[in-house]
$ cat entry-v2.cif   # mmCIF, C-alpha atoms
data_entry
loop_
_atom_site.label_atom_id
_atom_site.label_comp_id
_atom_site.auth_asym_id
_atom_site.auth_seq_id
_atom_site.Cartn_x
_atom_site.Cartn_y
_atom_site.Cartn_z
CA MET A 953 71.29 -72.61 39.49
CA GLN A 954 68.63 -72.15 42.17
CA PRO A 955 64.98 -71.55 41.21
CA PRO A 956 63.48 -68.27 42.43
CA SER A 957 62.24 -68.07 46.00
CA TYR A 958 58.76 -66.82 46.96
CA ASN A 959 57.35 -66.66 50.52
CA ILE A 960 59.43 -69.72 51.43
CA ALA A 961 58.99 -69.46 55.20
CA GLU A 962 55.22 -69.06 54.98
CA ARG A 963 54.83 -71.91 52.50
CA GLU A 964 57.09 -74.20 54.54
CA ALA A 965 54.98 -73.56 57.64
CA ARG A 966 51.70 -74.24 55.83
CA LEU A 967 53.07 -77.41 54.21
CA ALA A 968 54.42 -78.70 57.53
CA GLY A 969 51.04 -78.07 59.17
CA MET A 970 49.19 -80.08 56.50
CA LYS A 971 51.72 -82.91 56.76
CA ARG A 972 51.11 -83.09 60.50
CA VAL A 973 47.35 -83.31 59.92
CA ALA A 974 47.73 -86.12 57.37
CA LEU A 975 50.23 -87.99 59.56
CA SER A 976 48.06 -87.60 62.65
CA LEU A 977 45.11 -89.05 60.78
CA LEU A 978 47.22 -92.02 59.65
CA LEU A 979 48.44 -92.68 63.20
CA ALA A 980 44.88 -92.36 64.52
CA MET A 981 43.63 -94.96 62.04
CA LEU A 982 46.52 -97.27 62.89
CA ALA A 983 45.84 -96.95 66.62
CA LEU A 984 42.12 -97.52 66.02
CA TYR A 985 42.93 -100.62 64.02
CA VAL A 986 45.06 -102.02 66.87
CA VAL A 987 42.58 -101.17 69.63
CA THR A 988 39.56 -102.61 67.80
CA GLY A 989 41.56 -105.75 67.05
CA LEU A 990 42.15 -106.24 70.75
CA TYR A 991 38.48 -105.89 71.75
CA GLU A 992 36.78 -107.30 68.65
CA ALA A 993 36.26 -110.71 70.33
CA MET A 994 34.41 -109.03 73.19
CA TYR A 995 32.39 -106.67 71.00
CA PRO A 996 31.75 -108.20 67.55
CA TRP A 997 30.32 -104.96 66.18
CA LEU A 998 33.86 -103.50 66.43
CA SER A 999 34.69 -105.51 63.32
CA TYR A 1000 33.07 -102.78 61.27
CA VAL A 1001 35.21 -100.11 62.93
CA ARG A 1002 38.27 -102.28 62.54
CA ALA A 1003 37.56 -102.77 58.82
CA PHE A 1004 37.21 -99.03 58.41
CA ALA A 1005 40.49 -98.35 60.28
CA GLU A 1006 42.34 -101.08 58.39
CA ALA A 1007 41.32 -99.82 54.95
CA ALA A 1008 41.92 -96.19 56.01
CA THR A 1009 45.45 -97.07 57.14
CA VAL A 1010 46.19 -98.81 53.86
CA GLY A 1011 44.77 -95.87 51.85
CA ALA A 1012 46.75 -93.35 53.87
CA LEU A 1013 50.01 -95.28 53.44
CA ALA A 1014 49.42 -95.76 49.71
CA ASP A 1015 48.75 -92.06 49.14
CA TRP A 1016 51.69 -91.07 51.36
CA PHE A 1017 53.91 -93.23 49.14
CA ALA A 1018 52.46 -91.73 45.95
CA VAL A 1019 52.84 -88.12 47.10
CA THR A 1020 56.31 -88.65 48.53
CA ALA A 1021 57.51 -90.48 45.40
CA LEU A 1022 56.92 -87.34 43.35
CA PHE A 1023 59.62 -85.41 45.18
CA ARG A 1024 61.99 -87.89 46.82
CA HIS A 1025 62.71 -91.56 47.49
CA PRO A 1026 60.33 -92.75 50.24
CA MET A 1027 62.35 -93.32 53.45
CA GLY A 1028 65.50 -92.79 51.32
CA ILE A 1029 65.06 -96.12 49.51
CA PRO A 1030 65.84 -95.75 45.77
CA ILE A 1031 62.70 -97.52 44.61
CA PRO A 1032 62.24 -97.37 40.81
CA HIS A 1033 59.96 -94.60 39.52
CA THR A 1034 60.29 -92.50 42.64
CA ALA A 1035 61.83 -89.01 43.10
CA ILE A 1036 60.16 -88.25 39.77
CA VAL A 1037 60.80 -84.49 39.80
CA GLN A 1038 64.55 -84.90 40.35
CA GLN A 1039 64.88 -87.73 37.86
CA ARG A 1040 62.80 -86.17 35.08
CA LYS A 1041 63.23 -82.45 35.75
CA ASP A 1042 64.49 -81.67 32.24
CA GLU A 1043 61.70 -83.69 30.60
CA LEU A 1044 59.10 -81.94 32.73
CA GLY A 1045 60.55 -78.57 31.71
CA ALA A 1046 60.44 -79.48 28.03
CA THR A 1047 56.87 -80.75 28.36
CA LEU A 1048 55.80 -77.57 30.13
CA ALA A 1049 57.48 -75.44 27.46
CA ARG A 1050 55.76 -77.39 24.68
CA PHE A 1051 52.40 -77.08 26.47
CA VAL A 1052 52.78 -73.31 26.76
CA ALA A 1053 53.83 -72.99 23.10
CA GLU A 1054 50.94 -75.09 21.79
CA ASN A 1055 48.18 -73.71 24.03
CA PHE A 1056 49.12 -70.16 25.04
CA LEU A 1057 51.57 -68.77 22.48
CA VAL A 1058 49.20 -69.08 19.54
CA ILE A 1059 47.59 -66.29 17.53
CA ASP A 1060 44.00 -67.49 18.04
CA ALA A 1061 44.45 -67.57 21.81
CA LEU A 1062 46.30 -64.27 22.12
CA ARG A 1063 44.44 -62.02 19.67
CA PRO A 1064 41.12 -61.77 21.63
CA ARG A 1065 43.01 -60.98 24.83
CA LEU A 1066 45.26 -58.41 23.19
CA GLU A 1067 42.31 -56.72 21.49
CA ALA A 1068 40.75 -56.19 24.91
CA ILE A 1069 43.84 -54.35 26.16
CA ARG A 1070 44.11 -50.57 25.57
CA PHE A 1071 47.88 -50.24 25.61
CA ALA A 1072 48.05 -46.56 24.65
CA ASP A 1073 45.23 -45.47 26.95
CA ALA A 1074 46.72 -47.25 29.97
CA PHE A 1075 50.19 -45.89 29.25
CA ALA A 1076 48.89 -42.37 28.58
CA LYS A 1077 46.92 -42.24 31.83
CA TRP A 1078 49.93 -43.49 33.73
CA VAL A 1079 52.60 -41.28 32.15
CA SER A 1080 50.45 -38.12 32.12
CA GLN A 1081 50.77 -38.01 35.91
CA GLU A 1082 53.79 -35.95 36.90
CA GLN A 1083 55.28 -38.44 39.37
CA ASN A 1084 55.04 -41.27 36.84
CA ALA A 1085 56.51 -39.15 34.05
CA ARG A 1086 59.40 -38.26 36.34
CA ARG A 1087 59.91 -41.91 37.24
CA LEU A 1088 60.01 -42.92 33.57
CA ALA A 1089 62.37 -40.06 32.78
CA ASP A 1090 64.61 -41.19 35.66
CA ASP A 1091 64.67 -44.72 34.22
CA ILE A 1092 65.55 -43.44 30.75
CA ALA A 1093 68.27 -41.22 32.21
CA GLY A 1094 69.64 -44.20 34.16
CA VAL A 1095 69.83 -46.35 31.03
CA LEU A 1096 71.54 -43.57 29.08
CA SER A 1097 74.00 -43.06 31.93
CA GLN A 1098 74.86 -46.77 31.84
CA VAL A 1099 75.44 -46.52 28.10
CA LEU A 1100 77.72 -43.54 28.61
CA THR A 1101 79.59 -45.39 31.35
CA LEU A 1102 80.07 -48.34 29.01
CA SER A 1103 81.27 -46.02 26.25
CA ASP A 1104 84.01 -44.79 28.58
CA ASN A 1105 85.80 -48.11 28.07
CA ARG A 1106 89.01 -47.49 26.11
CA SER A 1107 88.79 -50.58 23.91
CA LEU A 1108 85.16 -49.80 23.11
CA ARG A 1109 86.04 -46.21 22.21
CA ASN A 1110 88.80 -47.42 19.93
CA GLY A 1111 86.40 -49.86 18.30
CA VAL A 1112 83.84 -47.10 17.76
CA LYS A 1113 86.47 -44.81 16.24
CA ALA A 1114 87.68 -47.58 13.95
CA GLY A 1115 84.12 -48.34 12.90
CA LEU A 1116 83.44 -44.65 12.32
CA ARG A 1117 86.56 -44.35 10.18
CA ASP A 1118 85.56 -47.39 8.10
CA PHE A 1119 82.07 -45.98 7.71
CA ILE A 1120 83.34 -42.61 6.49
CA SER A 1121 85.81 -44.31 4.17
CA GLY A 1122 82.94 -46.14 2.52
CA LEU A 1123 81.00 -42.93 1.82
CA ARG A 1124 81.32 -41.01 -1.44
CA LEU A 1125 81.71 -37.53 -0.02
CA SER A 1126 80.86 -35.34 -3.01
CA PRO A 1127 77.50 -36.99 -3.94
CA LEU A 1128 76.55 -37.08 -0.26
CA PHE A 1129 77.34 -33.39 0.11
CA GLY A 1130 75.35 -32.68 -3.05
CA GLN A 1131 72.30 -34.56 -1.73
CA LEU A 1132 72.56 -32.73 1.58
CA LEU A 1133 72.68 -29.34 -0.16
CA GLU A 1134 69.77 -30.32 -2.37
CA PHE A 1135 67.71 -31.21 0.65
CA VAL A 1136 68.48 -28.15 2.79
CA LEU A 1137 68.61 -25.55 -0.01
CA LEU A 1138 66.22 -26.64 -2.72
CA LYS A 1139 63.60 -28.78 -0.97
CA ASP A 1140 62.49 -25.83 1.17
CA PRO A 1141 59.36 -24.29 -0.42
CA ASP A 1142 59.96 -20.97 1.35
CA GLN A 1143 63.65 -20.99 0.35
CA THR A 1144 64.48 -19.91 3.88
CA LEU A 1145 68.12 -20.97 3.71
CA VAL A 1146 68.62 -19.30 0.33
CA ASN A 1147 67.34 -16.04 1.78
CA GLN A 1148 69.57 -16.50 4.83
CA LEU A 1149 72.59 -17.02 2.58
CA ILE A 1150 71.77 -13.83 0.68
CA THR A 1151 71.45 -11.88 3.93
CA LEU A 1152 74.71 -13.34 5.22
CA ALA A 1153 76.47 -12.38 1.96
CA ARG A 1154 75.28 -8.79 2.26
CA ASP A 1155 76.43 -8.57 5.87
CA GLN A 1156 79.84 -9.98 4.99
CA LEU A 1157 80.14 -7.59 2.06
CA TYR A 1158 79.62 -4.52 4.22
CA ASP A 1159 81.69 -5.81 7.14
CA ASN A 1160 84.73 -6.47 4.92
CA GLN A 1161 84.83 -3.31 2.73
CA ASP A 1162 88.08 -2.14 4.31
CA LYS A 1163 89.77 -5.54 3.80
CA LEU A 1164 88.57 -5.56 0.19
CA ARG A 1165 90.03 -2.08 -0.38
CA GLU A 1166 93.37 -3.06 1.19
CA SER A 1167 93.51 -6.21 -0.93
CA LEU A 1168 92.78 -4.17 -4.07
CA SER A 1169 95.42 -1.56 -3.19
CA GLU A 1170 98.06 -4.28 -2.85
CA ARG A 1171 97.29 -5.54 -6.35
CA THR A 1172 97.04 -2.19 -8.24
CA PRO A 1173 100.10 -0.19 -9.49
CA TRP A 1174 101.58 2.28 -7.06
CA TRP A 1175 100.88 5.22 -9.33
CA ILE A 1176 97.05 4.75 -9.16
CA PRO A 1177 95.66 7.22 -6.58
CA GLY A 1178 94.00 5.87 -3.46
CA PHE A 1179 90.69 7.56 -4.18
CA VAL A 1180 90.49 5.48 -7.38
CA ASP A 1181 90.82 2.30 -5.32
CA ARG A 1182 88.08 3.52 -3.05
CA ARG A 1183 85.80 4.33 -6.00
CA ILE A 1184 86.41 0.88 -7.47
CA VAL A 1185 85.62 -0.84 -4.18
CA GLU A 1186 82.52 1.29 -3.67
CA ARG A 1187 81.35 0.46 -7.20
CA ILE A 1188 81.89 -3.27 -6.62
CA VAL A 1189 80.10 -3.14 -3.26
CA ASN A 1190 77.19 -1.17 -4.69
CA GLU A 1191 76.76 -3.53 -7.64
CA LEU A 1192 76.88 -6.60 -5.42
CA ASP A 1193 74.54 -4.96 -2.93
CA GLU A 1194 72.06 -4.17 -5.68
CA PHE A 1195 72.19 -7.76 -6.92
CA LEU A 1196 71.78 -9.19 -3.43
CA THR A 1197 68.99 -6.74 -2.59
CA GLU A 1198 67.12 -7.80 -5.69
CA SER A 1199 67.71 -11.41 -4.81
CA GLU A 1200 66.47 -10.89 -1.26
CA ASP A 1201 63.33 -9.10 -2.42
CA GLU A 1202 60.52 -11.65 -2.60
CA ASN A 1203 59.13 -9.93 -5.69
CA GLU A 1204 62.35 -10.41 -7.66
CA ASP A 1205 61.60 -13.99 -8.64
CA GLU A 1206 63.76 -13.84 -11.74
CA THR A 1207 66.92 -12.90 -9.86
CA LYS A 1208 66.29 -15.51 -7.18
CA ALA A 1209 65.50 -18.09 -9.84
CA ARG A 1210 68.92 -17.47 -11.42
CA LEU A 1211 70.56 -18.00 -8.04
CA VAL A 1212 68.61 -21.20 -7.48
CA GLU A 1213 69.50 -22.38 -10.98
CA MET A 1214 73.16 -21.79 -10.24
CA LEU A 1215 72.86 -23.81 -7.02
CA GLU A 1216 71.13 -26.61 -8.90
CA ARG A 1217 73.96 -26.79 -11.42
CA MET A 1218 76.51 -26.88 -8.60
CA ILE A 1219 74.59 -29.61 -6.77
CA GLU A 1220 74.21 -31.67 -9.94
CA ALA A 1221 77.94 -31.39 -10.55
CA LEU A 1222 78.67 -32.59 -7.03
CA LYS A 1223 76.44 -35.62 -7.62
CA THR A 1224 77.49 -36.60 -11.15
CA ASP A 1225 80.83 -35.01 -12.14
CA GLU A 1226 83.34 -37.88 -11.81
CA HIS A 1227 86.29 -35.50 -11.73
CA LEU A 1228 84.72 -33.53 -8.88
CA ILE A 1229 83.76 -36.76 -7.10
CA GLU A 1230 87.34 -38.01 -7.38
CA ARG A 1231 88.69 -34.77 -5.95
CA GLY A 1232 86.24 -35.14 -3.07
CA GLU A 1233 87.49 -38.67 -2.37
CA GLU A 1234 91.10 -37.45 -2.38
CA LEU A 1235 90.20 -34.69 0.06
CA LYS A 1236 88.39 -37.19 2.32
CA GLU A 1237 91.37 -39.56 2.42
CA LYS A 1238 93.75 -36.70 3.24
CA LEU A 1239 91.50 -35.61 6.08
CA LEU A 1240 91.26 -39.15 7.45
CA GLU A 1241 95.03 -39.47 7.39
CA ARG A 1242 95.47 -36.45 9.62
CA PRO A 1243 95.66 -37.48 13.30
CA GLU A 1244 94.46 -34.03 14.34
CA LEU A 1245 91.02 -34.82 12.96
CA MET A 1246 90.60 -38.00 15.01
CA ARG A 1247 91.94 -36.25 18.10
CA TYR A 1248 89.41 -33.51 17.59
CA VAL A 1249 86.62 -36.04 17.15
CA SER A 1250 87.70 -37.91 20.29
CA ARG A 1251 87.85 -34.70 22.30
CA ALA A 1252 84.44 -33.61 21.04
CA VAL A 1253 82.92 -37.00 21.87
CA ASN A 1254 84.47 -36.97 25.35
CA GLU A 1255 83.22 -33.45 26.06
CA LEU A 1256 79.77 -34.32 24.78
CA GLY A 1257 79.74 -37.48 26.90
CA ALA A 1258 80.76 -35.53 30.02
CA TYR A 1259 78.05 -32.95 29.39
CA LEU A 1260 75.39 -35.60 28.88
CA ASP A 1261 76.58 -37.56 31.92
CA ASN A 1262 76.37 -34.51 34.18
CA SER A 1263 73.00 -33.46 32.78
CA LEU A 1264 71.51 -36.92 33.16
CA ALA A 1265 72.79 -37.29 36.72
CA ASP A 1266 71.27 -33.98 37.87
CA PRO A 1267 67.48 -34.29 38.39
CA GLU A 1268 67.16 -30.50 38.16
CA SER A 1269 69.15 -30.08 34.93
CA ALA A 1270 67.49 -28.55 31.89
CA MET A 1271 67.84 -31.83 29.99
CA ARG A 1272 66.11 -33.83 32.72
CA GLN A 1273 63.35 -31.24 32.99
CA ARG A 1274 62.75 -31.34 29.24
CA LEU A 1275 62.73 -35.13 29.36
CA ASN A 1276 60.14 -35.07 32.16
CA GLY A 1277 58.02 -32.62 30.20
CA ALA A 1278 58.32 -34.70 27.04
CA MET A 1279 57.12 -37.84 28.82
CA GLN A 1280 54.15 -36.11 30.41
CA GLY A 1281 53.31 -34.27 27.19
CA MET A 1282 53.35 -37.53 25.26
CA GLY A 1283 50.76 -38.98 27.64
CA GLU A 1284 48.55 -35.90 27.35
CA ARG A 1285 48.69 -35.98 23.55
CA LEU A 1286 47.71 -39.66 23.53
CA LEU A 1287 44.75 -38.98 25.81
CA ALA A 1288 43.59 -36.14 23.59
CA ASP A 1289 43.88 -38.03 20.29
CA GLU A 1290 41.73 -41.17 20.15
CA THR A 1291 42.82 -41.95 16.58
CA LEU A 1292 46.46 -41.90 17.62
CA CYS A 1293 45.64 -44.16 20.59
CA ASN A 1294 43.94 -46.64 18.28
CA ASP A 1295 46.92 -46.61 15.92
CA VAL A 1296 49.33 -47.21 18.81
CA ASP A 1297 47.16 -50.05 20.14
CA LYS A 1298 47.06 -51.67 16.71
CA SER A 1299 50.82 -51.35 16.29
CA CYS A 1300 51.51 -52.84 19.73
CA ARG A 1301 49.06 -55.68 19.13
CA GLU A 1302 50.39 -56.58 15.70
CA THR A 1303 53.99 -56.33 16.90
CA LEU A 1304 53.35 -58.70 19.80
CA LEU A 1305 51.47 -61.13 17.59
CA TYR A 1306 54.27 -61.08 15.03
CA ILE A 1307 56.90 -61.76 17.71
CA VAL A 1308 54.88 -64.61 19.19
CA ASP A 1309 54.06 -66.12 15.79
CA HIS A 1310 57.67 -66.05 14.52
CA HIS A 1311 59.51 -66.75 17.78
CA ARG A 1312 57.12 -69.06 19.65
CA ALA A 1313 59.68 -71.84 19.96
CA SER A 1314 62.39 -69.49 21.20
CA ILE A 1315 60.09 -67.89 23.76
CA SER A 1316 58.84 -71.21 25.13
CA SER A 1317 62.38 -72.58 25.22
CA ILE A 1318 63.13 -70.04 27.94
CA ILE A 1319 61.01 -72.22 30.26
CA SER A 1320 62.80 -75.47 29.45
CA GLU A 1321 66.27 -73.87 29.48
CA THR A 1322 65.62 -72.15 32.81
CA ILE A 1323 64.36 -75.34 34.45
CA ARG A 1324 67.24 -77.33 32.95
CA HIS A 1325 69.73 -75.12 34.81
CA TRP A 1326 67.93 -75.40 38.14
CA ASP A 1327 69.30 -77.70 40.83
CA ALA A 1328 67.22 -80.90 40.91
CA ASP A 1329 66.80 -81.11 44.70
CA ALA A 1330 66.04 -77.41 45.02
CA THR A 1331 63.54 -77.65 42.17
CA ALA A 1332 61.73 -80.56 43.84
CA LYS A 1333 61.59 -78.61 47.09
CA ARG A 1334 60.22 -75.49 45.39
CA ILE A 1335 57.54 -77.45 43.54
CA GLU A 1336 56.59 -79.26 46.71
CA LEU A 1337 56.27 -75.93 48.50
CA ALA A 1338 54.06 -74.66 45.69
CA VAL A 1339 51.65 -77.63 45.43
CA GLY A 1340 52.58 -79.90 48.35
CA ARG A 1341 49.90 -78.52 50.69
CA ASP A 1342 47.19 -79.46 48.22
CA LEU A 1343 48.77 -82.88 47.77
CA GLN A 1344 48.42 -83.51 51.51
CA PHE A 1345 44.66 -83.37 51.01
CA ILE A 1346 45.11 -86.40 48.74
CA ARG A 1347 46.54 -88.25 51.73
CA ILE A 1348 43.65 -87.12 53.93
CA ASN A 1349 41.06 -87.99 51.29
CA GLY A 1350 42.77 -91.33 50.70
CA THR A 1351 42.47 -92.11 54.40
CA VAL A 1352 38.76 -91.28 54.55
CA VAL A 1353 37.81 -92.81 51.20
CA GLY A 1354 39.89 -95.93 51.90
CA GLY A 1355 38.14 -96.36 55.24
CA MET A 1356 34.69 -95.98 53.66
CA VAL A 1357 35.50 -98.52 50.96
CA GLY A 1358 36.80 -100.95 53.60
CA LEU A 1359 33.63 -100.49 55.65
CA VAL A 1360 31.40 -101.09 52.62
CA LEU A 1361 33.31 -104.22 51.61
CA HIS A 1362 33.24 -105.56 55.16
CA THR A 1363 29.49 -104.93 55.39
CA ILE A 1364 28.86 -106.70 52.09
CA TRP A 1365 30.95 -109.64 53.26
CA GLN A 1366 29.01 -109.86 56.52
CA LEU A 1367 25.72 -109.79 54.68
CA MET A 1368 26.92 -112.50 52.29
CA GLN A 1369 27.94 -114.68 55.23
CA ALA A 1370 24.61 -114.11 56.98
CA GLY A 1371 22.74 -115.10 53.83
CA ALA A 1372 24.80 -118.28 53.47
CA HIS A 1373 23.81 -119.35 56.99
#
$ encode --input "entry-v2.cif" --output "C-alpha cells"
Amino acid sequence: MQPPSYNIAEREARLAGMKRVALSLLLAMLALYVVTGLYEAMYPWLSYVRAFAEAATVGALADWFAVTALFRHPMGIPIPHTAIVQQRKDELGATLARFVAENFLVIDALRPRLEAIRFADAFAKWVSQEQNARRLADDIAGVLSQVLTLSDNRSLRNGVKAGLRDFISGLRLSPLFGQLLEFVLLKDPDQTLVNQLITLARDQLYDNQDKLRESLSERTPWWIPGFVDRRIVERIVNELDEFLTESEDENEDETKARLVEMLERMIEALKTDEHLIERGEELKEKLLERPELMRYVSRAVNELGAYLDNSLADPESAMRQRLNGAMQGMGERLLADETLCNDVDKSCRETLLYIVDHHRASISSIISETIRHWDADATAKRIELAVGRDLQFIRINGTVVGGMVGLVLHTIWQLMQAGAH
C-alpha cells in the first residue's frame, strides 16, 4: 500500500535544491582544505583556514551520513543501524499511535478545545444558506440512492424478506394490534379518530340503505309486503342515525363514553384474552403461508424503491425540494433558538468525548495499522519529502559549526605551542 501523495513535485524540487546547497558547501570546504594544504608552507596563517575547512568537511560528512542513514543505506552499503525508517517502519507507526493516544486523545486535552467550538452555530450558519442546504440535500440524496441501488441486489432482497418474515413470526399479532388501537383511539385527548369513525359509520349507513333493504328482503318470507321491508330498514337506519348523531355530538358525553368503554373492552380482550391471541397467531401463520402476500410485499417494495429512486435522482422533484427546504429550515431554527444550539453543542461534545474515552486505542490504532500497510521504501521517500529539506539545514549547520570548532581548537593549540616556547 502506498502512502498518500501531497505536492510531490514541489517538495521534490525544494528538497533537491537544499541537497545541492549542502553538497556544494561540503565540496567547497573540501576544495578549501586541499588548496590551503598546498600553500600552507608559503603562508603559515593559512593553517587557521585549513583547520576550519578540515573540521567543516568532517562535520559535513558526519551529518550527511546521519541524515542519509535515516532513510536509506549510505552509498548502498548495508551498515548496521542505517535505513532506519524502512527497517523500523512498523515500530515508528506504533510509537506514533501511542504518542497520539496518550497526549491528544485524552479527555483533559480535548474538553477545553471542544468547549470552544460552537458546533450547532457553525452548522446552522452554513446550512441556512440555500446553496449549502442544496449541497447537503444532494449528498443525502446520493447516499439514499446508493442504498436503494444496493437493495436492488437479489440475494439482499431475499435476505431482507426472510428477515422480515422471521420478525413478523416472532410478533404476537393480537396484543400488538390491541396496543396500536389503544394508542391511536384512546390516547387522543380530543378523540379525533373516534369522531372520525362515527362520521364514517353514518356515511356508510346512508350510502348502503338500498343494499341493506335488498339483504333484508332476501331473508324475510315472500308473503311480507315490500313496504314493510322498507319501513323496517328505515326504522333501523333512523335508530342507528340517532345513536351515531348523539355520539358525534360533543355534548353527548355519556353516549361517547359508552362507545369508548366498548372500545376499551375490545382492546383489553385483544391484549389479554388467550383464546383471541391464539386465533390471531393462527391467522398470522395462515397469512405468512400464502405466497400472494409475499409477492404483494415484494411488488410494493419494488414500486416504492423505484419511486424513491426517481425522486432522489431528479433535483427538481417534490421530494428533493422538501429535503432542501428541511435542511435550510433546520439551520434557521438553530440560529433562532440559542437554547437548542447549546443543547446540540453539549450533545456533540459529550458524544465525541465518550467516543474518544471508550475507543482511544481503536482510534489511535488506525495510525499504526495504516503505516504498517505502507510500502517501506515509499514511506521513507514520503517522510524524507516531508522533513528532508529541514534536515539538510542540519548538514549546513554541521559544516559551519564543525569549521568553527576546528578553528577554535587549532587556535588554542597554536597558543599552547607559543606559550611552551
$ residues_around --input "entry-v2.cif" --residues "A:Lys1077" --least-positions-apart "4" --cutoff "12 Å" --atoms "only C-alpha atoms" --output "PyMOL selection string"
chain A and resi 1070-1073+1081-1085+1279-1288+1293
$ residues_near_point --input "entry-v2.cif" --point "(76.9, -34.6, -10.0)" --cutoff "12 Å" --atoms "only C-alpha atoms" --output "ChimeraX atom specification"
/A:1124-1131,1133-1134,1215-1230,1232
$ write_last_selection --input "entry-v2.cif" --atoms "C-alpha atoms" --output "CSV table (one decimal), keeping the file's coordinate frame"
chain,number,residue,atom,x,y,z
A,1124,ARG,CA,81.3,-41.0,-1.4
A,1125,LEU,CA,81.7,-37.5,0.0
A,1126,SER,CA,80.9,-35.3,-3.0
A,1127,PRO,CA,77.5,-37.0,-3.9
A,1128,LEU,CA,76.6,-37.1,-0.3
A,1129,PHE,CA,77.3,-33.4,0.1
A,1130,GLY,CA,75.4,-32.7,-3.0
A,1131,GLN,CA,72.3,-34.6,-1.7
A,1133,LEU,CA,72.7,-29.3,-0.2
A,1134,GLU,CA,69.8,-30.3,-2.4
A,1215,LEU,CA,72.9,-23.8,-7.0
A,1216,GLU,CA,71.1,-26.6,-8.9
A,1217,ARG,CA,74.0,-26.8,-11.4
A,1218,MET,CA,76.5,-26.9,-8.6
A,1219,ILE,CA,74.6,-29.6,-6.8
A,1220,GLU,CA,74.2,-31.7,-9.9
A,1221,ALA,CA,77.9,-31.4,-10.6
A,1222,LEU,CA,78.7,-32.6,-7.0
A,1223,LYS,CA,76.4,-35.6,-7.6
A,1224,THR,CA,77.5,-36.6,-11.2
A,1225,ASP,CA,80.8,-35.0,-12.1
A,1226,GLU,CA,83.3,-37.9,-11.8
A,1227,HIS,CA,86.3,-35.5,-11.7
A,1228,LEU,CA,84.7,-33.5,-8.9
A,1229,ILE,CA,83.8,-36.8,-7.1
A,1230,GLU,CA,87.3,-38.0,-7.4
A,1232,GLY,CA,86.2,-35.1,-3.1
$ atom_distance --input "entry-v2.cif" --atom1 "atom CA of A:Thr988" --atom2 "atom CA of A:Arg1002"
5.4 Å
$ resolve_selection --input "entry-v2.cif" --expression "the PyMOL selection byres ((chain A and resi 975) around 10)" --output "PyMOL selection string"
chain A and resi 969-974+976-981+1012-1013+1016+1344+1347-1348
$ resolve_selection --input "entry-v2.cif" --expression "the PyMOL selection byres ((chain A and resi 1054-1058) around 12)" --output "list in words"
Thr1047, Leu1048, Ala1049, Arg1050, Phe1051, Val1052, Ala1053, Ile1059, Asp1060, Ala1061, Leu1062, Arg1063, Pro1064, Arg1065, Leu1066, Leu1304, Leu1305, Tyr1306, Ile1307, Val1308, Asp1309, His1310, His1311, Arg1312, Ala1313, Ser1314, Ile1315, Ser1316 and Ser1317 of chain A
$ resolve_selection --input "entry-v2.cif" --expression "the PyMOL selection byres ((chain A and resi 1332) around 8)" --output "PyMOL selection string"
chain A and resi 1023-1024+1037-1038+1328-1331+1333-1336
$ axis_aligned_box --input "entry-v2.cif" --around "stretch 1329-1343 of chain A" --padding-each-side "3 Å" --output "AutoDock Vina command-line options"
--center_x 57.0 --center_y -78.8 --center_z 46.4 --size_x 25.6 --size_y 14.2 --size_z 14.5
$ atom_distance --input "entry-v2.cif" --atom1 "atom CA of A:Gln1039" --atom2 "atom CA of A:His1025"
10.6 Å
$ atom_distance --input "entry-v2.cif" --atom1 "atom CA of A:Glu1321" --atom2 "atom CA of A:Asp1042"
8.5 Å
$ closest_residue --input "entry-v2.cif" --among "A:Trp1078, A:Tyr1000, A:Trp1326, A:Tyr991" --to "A:Leu1361" --atoms "only C-alpha atoms"
A:Tyr1000
$ closest_atom_pairs --input "entry-v2.cif" --of "stretch 1021-1122 of chain A" --to "stretch 1269-1274 of chain A" --cutoff "9 Å" --atoms "only C-alpha atoms" --output "JSON lines"
{"residue": "A:Arg1086", "atom": "CA", "partner": "A:Gln1273", "partner_atom": "CA", "distance": 8.7}
{"residue": "A:Ala1089", "atom": "CA", "partner": "A:Arg1272", "partner_atom": "CA", "distance": 7.3}
{"residue": "A:Asp1090", "atom": "CA", "partner": "A:Arg1272", "partner_atom": "CA", "distance": 8.1}
{"residue": "A:Ala1093", "atom": "CA", "partner": "A:Arg1272", "partner_atom": "CA", "distance": 7.7}
$ residues_around --input "entry-v2.cif" --residues "A:Leu998" --least-positions-apart "5" --cutoff "10 Å" --atoms "only C-alpha atoms" --output "ChimeraX atom specification"
/A:985,987-993,1003-1004
